[in-house]
$ cat final12.cif   # mmCIF, C-alpha atoms and all ligand atoms
data_coords
#
loop_
_atom_site.label_atom_id
_atom_site.label_comp_id
_atom_site.auth_asym_id
_atom_site.auth_seq_id
_atom_site.Cartn_x
_atom_site.Cartn_y
_atom_site.Cartn_z
CA MET N 1 10.10 21.32 -21.67
CA SER N 2 8.79 19.72 -18.45
CA ASP N 3 6.66 22.11 -16.39
CA SER N 4 7.74 20.84 -12.96
CA ILE N 5 10.85 21.36 -10.88
CA TYR N 6 10.68 17.68 -9.89
CA PHE N 7 10.46 16.14 -13.36
CA SER N 8 12.77 16.43 -16.34
CA ASP N 9 11.98 15.63 -19.98
CA GLU N 10 13.42 12.15 -19.31
CA HIS N 11 10.92 11.70 -16.47
CA ASP N 12 8.09 12.79 -18.76
CA ALA N 13 9.19 10.30 -21.40
CA TYR N 14 9.31 7.58 -18.73
CA ARG N 15 5.75 8.47 -17.67
CA THR N 16 4.56 8.03 -21.24
CA TYR N 17 6.35 4.67 -21.44
CA VAL N 18 4.87 3.45 -18.12
CA ARG N 19 1.35 4.63 -19.00
CA ASN N 20 1.47 2.89 -22.38
CA PHE N 21 2.97 -0.26 -20.90
CA LEU N 22 0.35 -0.58 -18.16
CA GLY N 23 -2.46 0.45 -20.52
CA GLU N 24 -1.57 -2.14 -23.15
CA LYS N 25 -0.28 -5.04 -21.06
CA ILE N 26 -2.07 -4.80 -17.70
CA SER N 27 -5.38 -2.93 -18.14
CA PRO N 28 -7.08 -5.65 -20.25
CA TYR N 29 -6.76 -8.14 -17.36
CA LEU N 30 -7.67 -5.99 -14.36
CA SER N 31 -11.40 -6.76 -14.29
CA GLN N 32 -10.71 -10.47 -14.49
CA TRP N 33 -8.26 -10.28 -11.55
CA GLU N 34 -10.93 -8.43 -9.51
CA CYS N 35 -13.31 -11.35 -10.17
CA ASP N 36 -10.58 -13.90 -9.41
CA LYS N 37 -9.80 -12.06 -6.15
CA LYS N 38 -6.07 -12.16 -6.94
CA VAL N 39 -3.55 -10.74 -9.39
CA GLY N 40 -2.71 -13.34 -12.05
CA SER N 41 0.78 -14.84 -12.29
CA TYR N 42 1.13 -13.27 -15.77
CA ALA N 43 1.40 -9.79 -14.19
CA TRP N 44 4.24 -10.65 -11.84
CA GLY N 45 6.55 -12.06 -14.51
CA LEU N 46 5.75 -9.26 -16.91
CA LEU N 47 6.36 -6.47 -14.38
CA GLY N 48 9.44 -8.26 -13.07
CA ASP N 49 10.96 -8.61 -16.54
CA ALA N 50 10.33 -4.91 -17.20
CA GLY N 51 12.12 -3.99 -13.94
CA PHE N 52 9.02 -2.52 -12.24
CA LEU N 53 9.37 -4.79 -9.18
CA ASN N 54 12.94 -3.71 -8.51
CA LEU N 55 12.97 -1.39 -5.53
CA ASN N 56 16.43 -0.07 -6.23
CA LYS N 57 16.40 0.06 -10.02
CA HIS N 58 16.38 3.84 -10.15
CA LYS N 59 18.80 5.97 -8.20
CA ASP N 60 16.25 8.75 -8.62
CA PHE N 61 13.11 8.13 -6.51
CA PHE N 62 10.99 10.27 -8.86
CA TYR N 63 10.95 7.39 -11.35
CA ASP N 64 9.22 5.38 -8.60
CA VAL N 65 6.87 8.31 -8.00
CA ILE N 66 5.88 8.15 -11.68
CA PHE N 67 5.36 4.38 -11.59
CA LEU N 68 3.23 4.67 -8.43
CA GLU N 69 1.10 7.48 -9.85
CA GLU N 70 0.54 5.47 -13.01
CA LEU N 71 -0.36 2.36 -11.00
CA GLY N 72 -2.92 4.51 -9.19
CA ARG N 73 -4.29 5.88 -12.47
CA LEU N 74 -5.35 2.36 -13.45
CA GLY N 75 -8.20 2.84 -10.97
CA TYR N 76 -7.94 -0.61 -9.37
CA GLY N 77 -7.02 -0.33 -5.67
CA GLY N 78 -6.56 -4.07 -5.26
CA PHE N 79 -4.07 -4.37 -8.11
CA ARG N 80 -1.92 -1.43 -7.13
CA VAL N 81 -1.80 -2.54 -3.49
CA ALA N 82 -0.79 -6.08 -4.44
CA ILE N 83 2.18 -4.71 -6.43
CA ALA N 84 3.15 -2.08 -3.86
CA VAL N 85 2.95 -4.44 -0.88
CA HIS N 86 5.27 -6.83 -2.70
CA THR N 87 7.89 -4.30 -3.82
CA TYR N 88 7.83 -1.31 -1.48
CA MET N 89 6.64 -2.99 1.70
CA ALA N 90 7.53 -6.68 2.13
CA ASN N 91 10.62 -6.86 -0.10
CA SER N 92 12.00 -3.56 1.13
CA TYR N 93 12.70 -5.03 4.60
CA ILE N 94 14.91 -7.68 3.02
CA ALA N 95 16.54 -5.13 0.72
CA TYR N 96 17.38 -2.72 3.55
CA TYR N 97 18.03 -5.02 6.51
CA GLY N 98 18.30 -8.60 5.19
CA SER N 99 21.39 -10.83 5.02
CA ASP N 100 23.05 -11.82 1.73
CA TYR N 101 21.39 -15.23 2.11
CA LEU N 102 17.89 -13.69 2.31
CA LYS N 103 18.65 -11.38 -0.59
CA GLN N 104 19.73 -14.25 -2.83
CA ARG N 105 17.10 -16.75 -1.71
CA TYR N 106 14.06 -14.40 -1.65
CA LEU N 107 14.71 -10.84 -2.82
CA ALA N 108 16.38 -11.65 -6.15
CA PRO N 109 13.58 -13.91 -7.46
CA ALA N 110 10.92 -11.57 -6.02
CA THR N 111 12.47 -8.67 -7.94
CA GLU N 112 12.12 -10.72 -11.12
CA GLY N 113 8.49 -11.58 -10.30
CA ARG N 114 9.30 -15.28 -9.86
CA LEU N 115 8.33 -15.21 -6.16
CA ILE N 116 5.49 -13.14 -4.68
CA SER N 117 5.61 -11.67 -1.18
CA ALA N 118 3.24 -10.39 1.50
CA LEU N 119 3.77 -8.36 4.66
CA ALA N 120 2.09 -9.85 7.73
CA ILE N 121 1.93 -7.51 10.73
CA THR N 122 -1.73 -7.11 11.73
CA GLU N 123 -3.40 -9.64 14.03
CA PRO N 124 -6.97 -10.06 15.26
CA GLN N 125 -6.04 -8.24 18.49
CA ALA N 126 -3.29 -5.98 17.12
CA GLY N 127 -3.84 -3.37 14.41
CA SER N 128 -2.91 0.19 15.29
CA ASP N 129 -1.49 -1.01 18.61
CA LEU N 130 1.45 -3.28 17.83
CA ASN N 131 2.06 -3.78 21.54
CA GLN N 132 -0.73 -6.32 21.38
CA LEU N 133 1.12 -8.64 18.95
CA GLN N 134 0.59 -12.21 20.13
CA THR N 135 2.31 -14.27 17.45
CA THR N 136 5.43 -15.71 19.07
CA ALA N 137 8.64 -17.37 17.97
CA THR N 138 10.42 -19.59 20.48
CA LEU N 139 14.03 -20.65 19.90
CA LEU N 140 14.88 -24.32 20.20
CA GLU N 141 18.42 -25.19 19.10
CA ASP N 142 18.79 -23.81 15.55
CA SER N 143 15.20 -23.08 14.68
CA TYR N 144 12.25 -21.04 15.91
CA THR N 145 8.75 -22.38 16.45
CA VAL N 146 6.08 -19.88 15.42
CA ASN N 147 2.50 -19.80 16.70
CA GLY N 148 -0.20 -17.20 16.14
CA THR N 149 -2.56 -15.60 13.62
CA LYS N 150 -2.14 -12.74 11.16
CA ARG N 151 -5.20 -11.09 9.63
CA TYR N 152 -5.99 -8.78 6.69
CA ILE N 153 -2.82 -9.74 4.81
CA ALA N 154 -2.79 -8.52 1.20
CA ASN N 155 -1.36 -11.05 -1.31
CA GLY N 156 -1.95 -13.70 1.39
CA SER N 157 -3.35 -16.38 -0.89
CA ILE N 158 -0.77 -15.93 -3.67
CA ALA N 159 2.41 -15.15 -1.72
CA ASP N 160 5.33 -17.56 -1.92
CA PHE N 161 6.86 -16.03 1.19
CA LEU N 162 5.76 -13.78 4.02
CA VAL N 163 7.63 -11.07 5.90
CA VAL N 164 6.18 -11.49 9.38
CA ALA N 165 6.40 -9.39 12.57
CA ILE N 166 6.71 -11.74 15.55
CA LYS N 167 7.25 -11.40 19.30
CA THR N 168 10.64 -12.88 20.08
CA LYS N 169 11.12 -11.57 23.57
CA ASN N 170 8.62 -11.53 26.38
CA HIS N 171 9.65 -9.16 29.10
CA PRO N 172 7.84 -6.67 31.29
CA ARG N 173 7.35 -3.45 29.37
CA LYS N 174 9.63 -0.70 30.64
CA LYS N 175 7.79 2.36 31.89
CA ASN N 176 8.98 4.78 29.19
CA ALA N 177 9.37 2.27 26.36
CA VAL N 178 8.27 3.58 22.97
CA GLY N 179 6.43 1.27 20.56
CA ALA N 180 6.33 -2.50 20.54
CA THR N 181 9.32 -4.07 22.23
CA GLY N 182 10.79 -7.52 21.56
CA VAL N 183 9.53 -7.81 17.98
CA SER N 184 11.56 -9.39 15.15
CA LEU N 185 10.93 -9.70 11.43
CA PHE N 186 11.13 -13.13 9.81
CA VAL N 187 10.87 -14.45 6.26
CA ILE N 188 8.62 -17.52 6.19
CA ASP N 189 7.81 -19.76 3.22
CA SER N 190 4.05 -19.82 2.72
CA ASN N 191 4.04 -23.56 2.12
CA ALA N 192 5.85 -24.41 5.36
CA PRO N 193 4.10 -27.19 7.35
CA GLY N 194 1.70 -25.72 9.95
CA ILE N 195 0.61 -22.72 7.87
CA GLU N 196 -3.06 -22.35 6.97
CA ILE N 197 -4.24 -19.50 4.73
CA ASN N 198 -7.89 -18.47 4.47
CA PRO N 199 -9.15 -15.70 2.15
CA ILE N 200 -11.27 -12.94 3.72
CA ASP N 201 -14.18 -11.44 1.82
CA MET N 202 -13.43 -7.68 1.80
CA LEU N 203 -15.68 -4.82 0.66
CA GLY N 204 -13.16 -3.62 -1.93
CA TRP N 205 -9.57 -4.10 -3.15
CA HIS N 206 -10.75 -7.47 -4.43
CA SER N 207 -7.63 -8.37 -6.41
CA ALA N 208 -5.47 -7.80 -3.31
CA ALA N 209 -6.12 -11.41 -2.14
CA THR N 210 -6.55 -10.41 1.51
CA CYS N 211 -6.27 -13.35 3.93
CA GLU N 212 -6.00 -14.64 7.44
CA ILE N 213 -2.87 -16.72 8.07
CA ASN N 214 -2.52 -19.18 10.95
CA PHE N 215 0.83 -20.45 12.21
CA ASP N 216 0.67 -23.71 14.14
CA ASN N 217 4.10 -24.81 15.36
CA VAL N 218 5.76 -23.59 12.16
CA GLN N 219 9.52 -24.22 12.15
CA ILE N 220 11.80 -21.45 10.86
CA SER N 221 15.54 -21.45 10.54
CA LYS N 222 17.50 -18.80 12.46
CA GLN N 223 18.89 -17.55 9.18
CA ASN N 224 15.40 -16.33 8.22
CA ILE N 225 15.50 -13.44 10.70
CA ILE N 226 15.68 -10.07 8.94
CA GLY N 227 18.44 -7.96 10.47
CA ASP N 228 18.90 -8.18 14.24
CA LEU N 229 16.77 -10.02 16.75
CA ASN N 230 14.26 -7.81 18.60
CA GLN N 231 14.84 -4.85 16.26
CA GLY N 232 11.67 -5.41 14.23
CA PHE N 233 9.76 -2.45 15.61
CA ILE N 234 12.62 -0.08 14.71
CA TYR N 235 12.68 -1.44 11.14
CA LEU N 236 8.90 -1.10 10.87
CA MET N 237 8.99 2.50 12.05
CA LYS N 238 11.78 3.38 9.61
CA ASN N 239 9.95 1.85 6.67
CA LEU N 240 6.59 3.37 7.49
CA GLN N 241 7.61 6.66 5.87
CA LEU N 242 8.11 4.85 2.57
CA GLU N 243 4.85 2.90 3.01
CA ARG N 244 2.83 6.03 3.67
CA LEU N 245 4.43 7.96 0.85
CA VAL N 246 3.83 5.08 -1.54
CA ALA N 247 0.20 4.69 -0.40
CA GLY N 248 -0.46 8.43 -0.73
CA ILE N 249 1.16 8.80 -4.15
CA MET N 250 -0.78 5.85 -5.59
CA VAL N 251 -4.00 7.35 -4.26
CA LEU N 252 -3.10 10.67 -5.90
CA GLY N 253 -2.72 8.80 -9.19
CA GLU N 254 -6.19 7.36 -8.73
CA ILE N 255 -7.59 10.82 -7.92
CA SER N 256 -6.17 12.20 -11.17
CA TYR N 257 -7.86 9.34 -13.03
CA SER N 258 -11.21 9.93 -11.27
CA LEU N 259 -11.04 13.65 -12.03
CA ASP N 260 -10.20 13.09 -15.72
CA GLN N 261 -12.90 10.47 -16.06
CA THR N 262 -15.51 12.65 -14.35
CA ILE N 263 -14.60 15.76 -16.35
CA GLY N 264 -14.93 13.73 -19.56
CA TYR N 265 -18.37 12.57 -18.47
CA LEU N 266 -19.50 16.09 -17.48
CA LYS N 267 -18.51 17.41 -20.91
CA SER N 268 -20.43 14.71 -22.74
CA ARG N 269 -23.61 14.44 -20.62
CA ILE N 270 -26.28 16.82 -21.97
CA VAL N 271 -28.90 18.02 -19.50
CA HIS N 272 -31.46 20.71 -20.39
CA GLY N 273 -29.77 21.28 -23.72
CA LYS N 274 -26.19 21.77 -22.54
CA PRO N 275 -23.35 19.72 -21.09
CA LEU N 276 -23.24 19.35 -17.31
CA SER N 277 -19.78 20.94 -17.46
CA LYS N 278 -21.43 24.29 -18.30
CA LEU N 279 -23.37 24.46 -15.01
CA GLN N 280 -21.67 26.78 -12.56
CA ILE N 281 -22.37 24.67 -9.48
CA ILE N 282 -20.68 21.68 -11.15
CA ARG N 283 -17.81 23.79 -12.46
CA HIS N 284 -17.05 25.13 -8.99
CA ARG N 285 -17.18 21.71 -7.41
CA ILE N 286 -14.66 20.43 -9.97
CA ALA N 287 -12.54 23.56 -9.48
CA ASN N 288 -12.42 23.01 -5.71
CA LEU N 289 -11.50 19.35 -6.03
CA THR N 290 -8.83 20.15 -8.63
CA ALA N 291 -7.35 22.85 -6.38
CA GLU N 292 -7.13 20.44 -3.46
CA TYR N 293 -5.64 17.71 -5.63
CA GLU N 294 -2.97 20.02 -7.06
CA ALA N 295 -2.03 21.31 -3.59
CA ILE N 296 -1.67 17.84 -2.06
CA LYS N 297 0.19 16.57 -5.13
CA GLN N 298 2.81 19.31 -4.89
CA PHE N 299 3.16 18.62 -1.16
CA ALA N 300 3.59 14.92 -1.96
CA TYR N 301 6.34 15.71 -4.49
CA ASN N 302 8.12 17.85 -1.91
CA SER N 303 7.81 15.03 0.65
CA ALA N 304 9.16 12.55 -1.91
CA TRP N 305 12.08 14.90 -2.49
CA LEU N 306 12.79 15.12 1.26
CA TYR N 307 12.53 11.33 1.60
CA SER N 308 14.80 10.70 -1.37
CA HIS N 309 17.37 13.10 0.07
CA GLY N 310 17.68 11.05 3.24
CA LYS N 311 15.37 13.07 5.49
CA PHE N 312 13.21 11.02 7.86
CA ALA N 313 10.19 13.23 6.96
CA VAL N 314 7.81 11.48 9.36
CA LYS N 315 5.34 14.35 9.52
CA GLU N 316 5.42 15.01 5.77
CA CYS N 317 4.94 11.38 4.66
CA THR N 318 2.13 11.02 7.22
CA ILE N 319 0.40 14.14 5.88
CA VAL N 320 0.65 12.86 2.29
CA LYS N 321 -1.15 9.63 3.19
CA LEU N 322 -3.70 11.38 5.40
CA LYS N 323 -4.67 14.13 2.98
CA ALA N 324 -4.53 12.05 -0.21
CA THR N 325 -6.80 9.35 1.22
CA GLU N 326 -9.21 11.91 2.72
CA LEU N 327 -9.48 13.67 -0.63
CA SER N 328 -9.87 10.38 -2.51
CA GLN N 329 -12.97 9.57 -0.45
CA ARG N 330 -14.51 12.96 -1.15
CA ILE N 331 -13.73 12.79 -4.86
CA ALA N 332 -15.12 9.27 -5.11
CA LYS N 333 -18.37 10.45 -3.51
CA GLU N 334 -18.61 13.56 -5.72
CA ALA N 335 -17.78 11.58 -8.86
CA LEU N 336 -20.48 9.06 -8.06
CA GLN N 337 -23.03 11.81 -7.55
CA MET N 338 -22.06 13.68 -10.72
CA HIS N 339 -22.47 10.50 -12.78
CA GLY N 340 -26.06 10.10 -11.57
CA ALA N 341 -27.42 6.56 -11.68
CA ALA N 342 -24.65 5.53 -14.11
CA GLY N 343 -22.12 5.94 -11.28
CA TYR N 344 -24.14 3.74 -8.98
CA GLU N 345 -24.23 0.77 -11.36
CA GLY N 346 -22.46 -2.13 -9.69
CA GLY N 347 -20.04 -2.73 -12.54
CA SER N 348 -19.10 0.92 -13.12
CA GLU N 349 -15.56 2.16 -12.57
CA ILE N 350 -16.85 4.96 -10.38
CA ALA N 351 -18.68 2.50 -8.13
CA ARG N 352 -15.56 0.34 -7.82
CA ILE N 353 -13.37 3.30 -6.86
CA TYR N 354 -16.04 4.47 -4.37
CA ARG N 355 -16.03 1.04 -2.75
CA ASP N 356 -12.21 0.82 -2.78
CA THR N 357 -11.33 4.20 -1.24
CA PRO N 358 -12.03 3.44 2.47
CA ALA N 359 -9.43 0.66 2.44
CA ALA N 360 -6.56 3.10 1.93
CA VAL N 361 -7.83 5.16 4.88
CA VAL N 362 -7.40 2.11 7.14
CA ALA N 363 -4.32 0.32 5.76
CA ALA N 364 -0.73 1.52 6.43
CA GLY N 365 -1.92 3.29 9.60
CA THR N 366 -5.51 4.46 10.06
CA ASN N 367 -6.03 8.16 9.46
CA ASP N 368 -6.97 8.62 13.14
CA ALA N 369 -3.66 7.11 14.18
CA LEU N 370 -1.88 9.37 11.63
CA LEU N 371 -3.45 12.46 13.19
CA GLU N 372 -1.86 11.45 16.48
CA ILE N 373 1.56 11.20 14.78
CA ILE N 374 1.19 14.71 13.33
CA ALA N 375 -0.04 16.01 16.71
CA GLN N 376 2.98 14.41 18.34
CA ALA N 377 5.28 16.24 15.90
CA GLU N 378 3.57 19.57 16.56
CA LEU N 379 2.62 19.35 20.22
CA GLY N 380 4.94 16.72 21.65
C1 LIG K 401 -7.90 -3.92 2.68
C2 LIG K 401 -6.89 -4.02 3.77
C3 LIG K 401 -5.64 -4.57 3.51
C4 LIG K 401 -4.70 -4.69 4.54
N1 LIG K 401 -3.48 -5.26 4.26
C5 LIG K 401 -2.63 -5.50 5.28
C6 LIG K 401 -1.40 -6.18 5.04
O1 LIG K 401 -1.07 -6.52 3.89
N2 LIG K 401 -0.60 -6.48 6.09
C7 LIG K 401 -0.93 -6.11 7.37
O2 LIG K 401 -0.16 -6.43 8.27
N3 LIG K 401 -2.07 -5.44 7.63
C8 LIG K 401 -2.93 -5.14 6.63
N4 LIG K 401 -4.11 -4.48 6.87
C9 LIG K 401 -4.46 -4.17 8.25
C10 LIG K 401 -4.29 -2.71 8.61
O3 LIG K 401 -2.94 -2.36 8.70
C11 LIG K 401 -5.04 -2.50 9.93
O4 LIG K 401 -6.41 -2.65 9.63
C12 LIG K 401 -4.77 -1.15 10.55
O5 LIG K 401 -3.48 -1.09 11.09
C13 LIG K 401 -5.79 -0.81 11.65
O6 LIG K 401 -5.89 -1.84 12.58
P1 LIG K 401 -7.32 -2.42 12.99
O7 LIG K 401 -8.06 -2.74 11.75
O8 LIG K 401 -7.07 -3.49 13.97
O9 LIG K 401 -8.08 -1.21 13.66
P2 LIG K 401 -7.89 -0.68 15.17
O10 LIG K 401 -6.45 -0.41 15.44
O11 LIG K 401 -8.60 -1.60 16.11
O12 LIG K 401 -8.69 0.68 15.08
C14 LIG K 401 -10.12 0.73 15.14
C15 LIG K 401 -10.54 2.19 15.06
O13 LIG K 401 -9.92 2.93 16.12
C16 LIG K 401 -9.22 4.04 15.58
N5 LIG K 401 -7.94 4.28 16.31
C17 LIG K 401 -6.91 3.43 16.46
N6 LIG K 401 -5.90 4.05 17.10
C18 LIG K 401 -6.30 5.30 17.35
C19 LIG K 401 -5.70 6.44 17.98
N7 LIG K 401 -4.46 6.39 18.47
N8 LIG K 401 -6.42 7.58 18.06
C20 LIG K 401 -7.69 7.64 17.56
N9 LIG K 401 -8.29 6.61 16.94
C21 LIG K 401 -7.61 5.46 16.84
C22 LIG K 401 -8.90 3.65 14.15
O14 LIG K 401 -8.75 4.80 13.32
C23 LIG K 401 -10.12 2.85 13.76
O15 LIG K 401 -11.13 3.73 13.34
C24 LIG K 401 -5.03 -4.27 5.86
C25 LIG K 401 -6.27 -3.68 6.09
C26 LIG K 401 -7.18 -3.54 5.07
C27 LIG K 401 -8.51 -2.90 5.36
#
$ encode --input "final12.cif" --output "structure tokens"
Amino acid sequence: MSDSIYFSDEHDAYRTYVRNFLGEKISPYLSQWECDKKVGSYAWGLLGDAGFLNLNKHKDFFYDVIFLEELGRLGYGGFRVAIAVHTYMANSYIAYYGSDYLKQRYLAPATEGRLISALAITEPQAGSDLNQLQTTATLLEDSYTVNGTKRYIANGSIADFLVVAIKTKNHPRKKNAVGATGVSLFVIDSNAPGIEINPIDMLGWHSAATCEINFDNVQISKQNIIGDLNQGFIYLMKNLQLERLVAGIMVLGEISYSLDQTIGYLKSRIVHGKPLSKLQIIRHRIANLTAEYEAIKQFAYNSAWLYSHGKFAVKECTIVKLKATELSQRIAKEALQMHGAAGYEGGSEIARIYRDTPAAVVAAGTNDALLEIIAQAELG
């Protein structure tokens, strides 16, 4: 019998299926995709055919929780982010707010893995502060002309289409306005004339294909607006809960992998005639990290439950991302230290995870910005 109130025996069987599937069909290629600096086309079709790219396949969100944890357990930040940005971030805007045309033209093939998507919000001058967005769309008859630059866009070099946040209305900011006003979301084909895509060399998340994207007089049809004009900021704010939950849960999956891997090493590494796992100082460090992991994981499950029951859960989803990514950095550092020089080898898994962890602290809202959201909820 399952030992969790959130997961049934069917969930547990699904976890076994997902773990085996990813282990057999995806794991053998992950190192190669890190070197290639992009996820190979093989993965998209395979995951699409298996239904893993379908945001609404399961009525029960805990099947997604399992998939996300198992993606995280693969230990490759770049791969899991590429998949999550496609399904839970970019495509979700079309799924929740897009017209039938956009759903048929973009979402349906993306769900099958035949088209790949990216979400382009950040700009050189606008990261945490979306008020600074400078990419504009100007209406002329039936089409918009887009100009501007997006930066740090995961999947940028492999995406077939982009979900882009663009300024569509320039007006003086009202005194008490909240968030970025006059922003709309558009779907733009990556091969449209006037688009230039340049890869950026990032410290980690190598297979995430992170890029800068320039728009120079790019023409977009009016029918490529997602939802209503000038409502983009509202859509972004609504979806951020899902983004943060997804980011946090994947990181928790990676933490469980790092802990298992490190515990295995500590049991096998003999120092002064006994395994490292017998030394009290090591045992207590592992005990502390395990306690923190278990506490955040249960909080994450509760937040996922709230989210899946229609609660907005802003504070909870924010805490999941904040605490999971904080812990992942500490665990990566501890794991590296406990592996000795073996952890520091450039090609080691531990070194890769250590190098990858800061990215999740920055993406989907920096942890500093998240603290302000939690403070806002508590203090107004
Ligand atoms: C690997 C990677 C992949 C990414 N993928 C994407 C993607 O696919 N699509 C996309 O649109 N963007 C993506 N991003 C961009 C990411 O969303 C931004 O980096 C993030 O929003 C922060 O913006 P910024 O980098 O401009 O930092 P800034 O906003 O300039 O922040 C700089 C520093 O100031 C701190 N700070 C900011 N606001 C506050 C505050 N209110 N209180 C206290 N401190 C604050 C921050 O914590 C940070 O330390 C990615 C980033 C990375 C690293």
$ closest_residue --input "final12.cif" --among "N:Ser41, N:Gln219, N:Asn198, N:Asn367" --to "ligand LIG 401 (chain K)" --atoms "all atoms listed in the file"
N:Asn367
$ closest_atom_pairs --input "final12.cif" --of "chain N" --to "ligand LIG 401 (chain K)" --cutoff "9 Å" --atoms "only C-alpha atoms and all ligand atoms" --output "CSV"
residue,atom,partner,partner_atom,distance
N:Gly78,CA,K:LIG401,C1,8.1
N:Val81,CA,K:LIG401,C3,8.2
N:Ala82,CA,K:LIG401,O1,8.3
N:Val85,CA,K:LIG401,O1,6.6
N:Met89,CA,K:LIG401,O1,8.8
N:Ala90,CA,K:LIG401,O1,8.8
N:Ala118,CA,K:LIG401,O1,6.3
N:Leu119,CA,K:LIG401,N2,5.0
N:Ala120,CA,K:LIG401,O2,4.1
N:Ile121,CA,K:LIG401,O2,3.4
N:Thr122,CA,K:LIG401,O2,3.9
N:Glu123,CA,K:LIG401,O8,7.2
N:Pro124,CA,K:LIG401,O8,6.7
N:Gln125,CA,K:LIG401,O8,6.6
N:Ala126,CA,K:LIG401,O8,5.5
N:Gly127,CA,K:LIG401,O6,3.1
N:Ser128,CA,K:LIG401,O10,3.6
N:Asp129,CA,K:LIG401,O10,5.9
N:Leu130,CA,K:LIG401,O5,8.6
N:Lys150,CA,K:LIG401,O2,7.2
N:Arg151,CA,K:LIG401,N3,6.8
N:Tyr152,CA,K:LIG401,C24,4.7
N:Ile153,CA,K:LIG401,O1,3.8
N:Ala154,CA,K:LIG401,O1,3.8
N:Asn155,CA,K:LIG401,O1,6.9
N:Gly156,CA,K:LIG401,O1,7.7
N:Val164,CA,K:LIG401,O2,8.2
N:Ala165,CA,K:LIG401,O2,8.4
N:Met202,CA,K:LIG401,C1,6.7
N:Leu203,CA,K:LIG401,C1,8.1
N:Gly204,CA,K:LIG401,C1,7.0
N:Trp205,CA,K:LIG401,C1,6.1
N:His206,CA,K:LIG401,C1,8.4
N:Ala208,CA,K:LIG401,C1,7.5
N:Ala209,CA,K:LIG401,C3,8.9
N:Thr210,CA,K:LIG401,C3,6.2
N:Cys211,CA,K:LIG401,N1,8.6
N:Asp356,CA,K:LIG401,C1,8.4
N:Pro358,CA,K:LIG401,C27,7.8
N:Ala359,CA,K:LIG401,C27,4.7
N:Ala360,CA,K:LIG401,C27,7.2
N:Val361,CA,K:LIG401,C27,8.1
N:Val362,CA,K:LIG401,C12,5.4
N:Ala363,CA,K:LIG401,C10,4.2
N:Ala364,CA,K:LIG401,O3,5.0
N:Gly365,CA,K:LIG401,O5,4.9
N:Thr366,CA,K:LIG401,O14,4.6
N:Asn367,CA,K:LIG401,O14,5.8
N:Asp368,CA,K:LIG401,O14,4.2
N:Ala369,CA,K:LIG401,C19,4.4
N:Leu370,CA,K:LIG401,N7,7.9
N:Leu371,CA,K:LIG401,N8,7.5
N:Glu372,CA,K:LIG401,N7,6.0
N:Ile373,CA,K:LIG401,N7,8.5
$ closest_atom_pairs --input "final12.cif" --of "stretch 281-378 of chain N" --to "stretch 240-256 of chain N" --cutoff "6 Å" --atoms "all atoms listed in the file" --output "Markdown table"
| residue | atom | partner | partner_atom | distance |
| --- | --- | --- | --- | --- |
| N:Val314 | CA | N:Gln241 | CA | 6.0 |
| N:Cys317 | CA | N:Leu245 | CA | 5.1 |
| N:Val320 | CA | N:Gly248 | CA | 5.5 |
| N:Lys321 | CA | N:Gly248 | CA | 4.2 |
| N:Ala324 | CA | N:Gly248 | CA | 5.5 |
| N:Ser328 | CA | N:Ile255 | CA | 5.9 |
$ closest_residue --input "final12.cif" --among "N:Ile166, N:Ile66, N:Val146, N:Val271" --to "N:Gly340" --atoms "only C-alpha atoms"
N:Val271
$ residues_around --input "final12.cif" --residues "N:Gln134" --least-positions-apart "2" --cutoff "7 Å" --atoms "only C-alpha atoms" --output "number ranges by chain"
N: 132, 136, 148, 167
$ residues_around --input "final12.cif" --residues "N:Ala332" --least-positions-apart "2" --cutoff "9 Å" --atoms "only C-alpha atoms" --output "list in words"
Ile255, Ser258, Leu327, Ser328, Gln329, Arg330, Glu334, Ala335, Leu336, Gln337, Ile350, Ala351, Ile353, Tyr354, Arg355 and Thr357 of chain N
$ closest_residue --input "final12.cif" --among "N:Glu10, N:Ser27, N:Arg114, N:Lys103" --to "N:Leu53" --atoms "only C-alpha atoms"
N:Arg114
$ atom_distance --input "final12.cif" --atom1 "atom CA of N:Asp160" --atom2 "atom CA of N:Ser190"
5.3 Å
$ atom_distance --input "final12.cif" --atom1 "atom CA of N:Glu326" --atom2 "atom CA of N:Tyr63"
25.0 Å
$ atom_distance --input "final12.cif" --atom1 "atom CA of N:Ser277" --atom2 "atom CA of N:Gly346"
24.5 Å
$ residues_near_point --input "final12.cif" --point "(10.5, -24.1, 21.8)" --cutoff "12 Å" --atoms "only C-alpha atoms" --output "MDAnalysis selection string"
chainID N and resid 136:147 168 217:220
$ closest_residue --input "final12.cif" --among "N:His272, N:Lys38, N:Lys333, N:Arg15" --to "N:Asp201" --atoms "only C-alpha atoms"
N:Lys38
$ closest_residue --input "final12.cif" --among "N:Ser157, N:Thr318, N:Ser268, N:Ser221" --to "N:Ile188" --atoms "all atoms listed in the file"
N:Ser221
$ axis_aligned_box --input "final12.cif" --around "stretch 97-109 of chain N" --padding-each-side "8 Å" --output "AutoDock Vina command-line options"
--center_x 18.3 --center_y -10.9 --center_z -0.5 --size_x 25.5 --size_y 27.7 --size_z 30.0
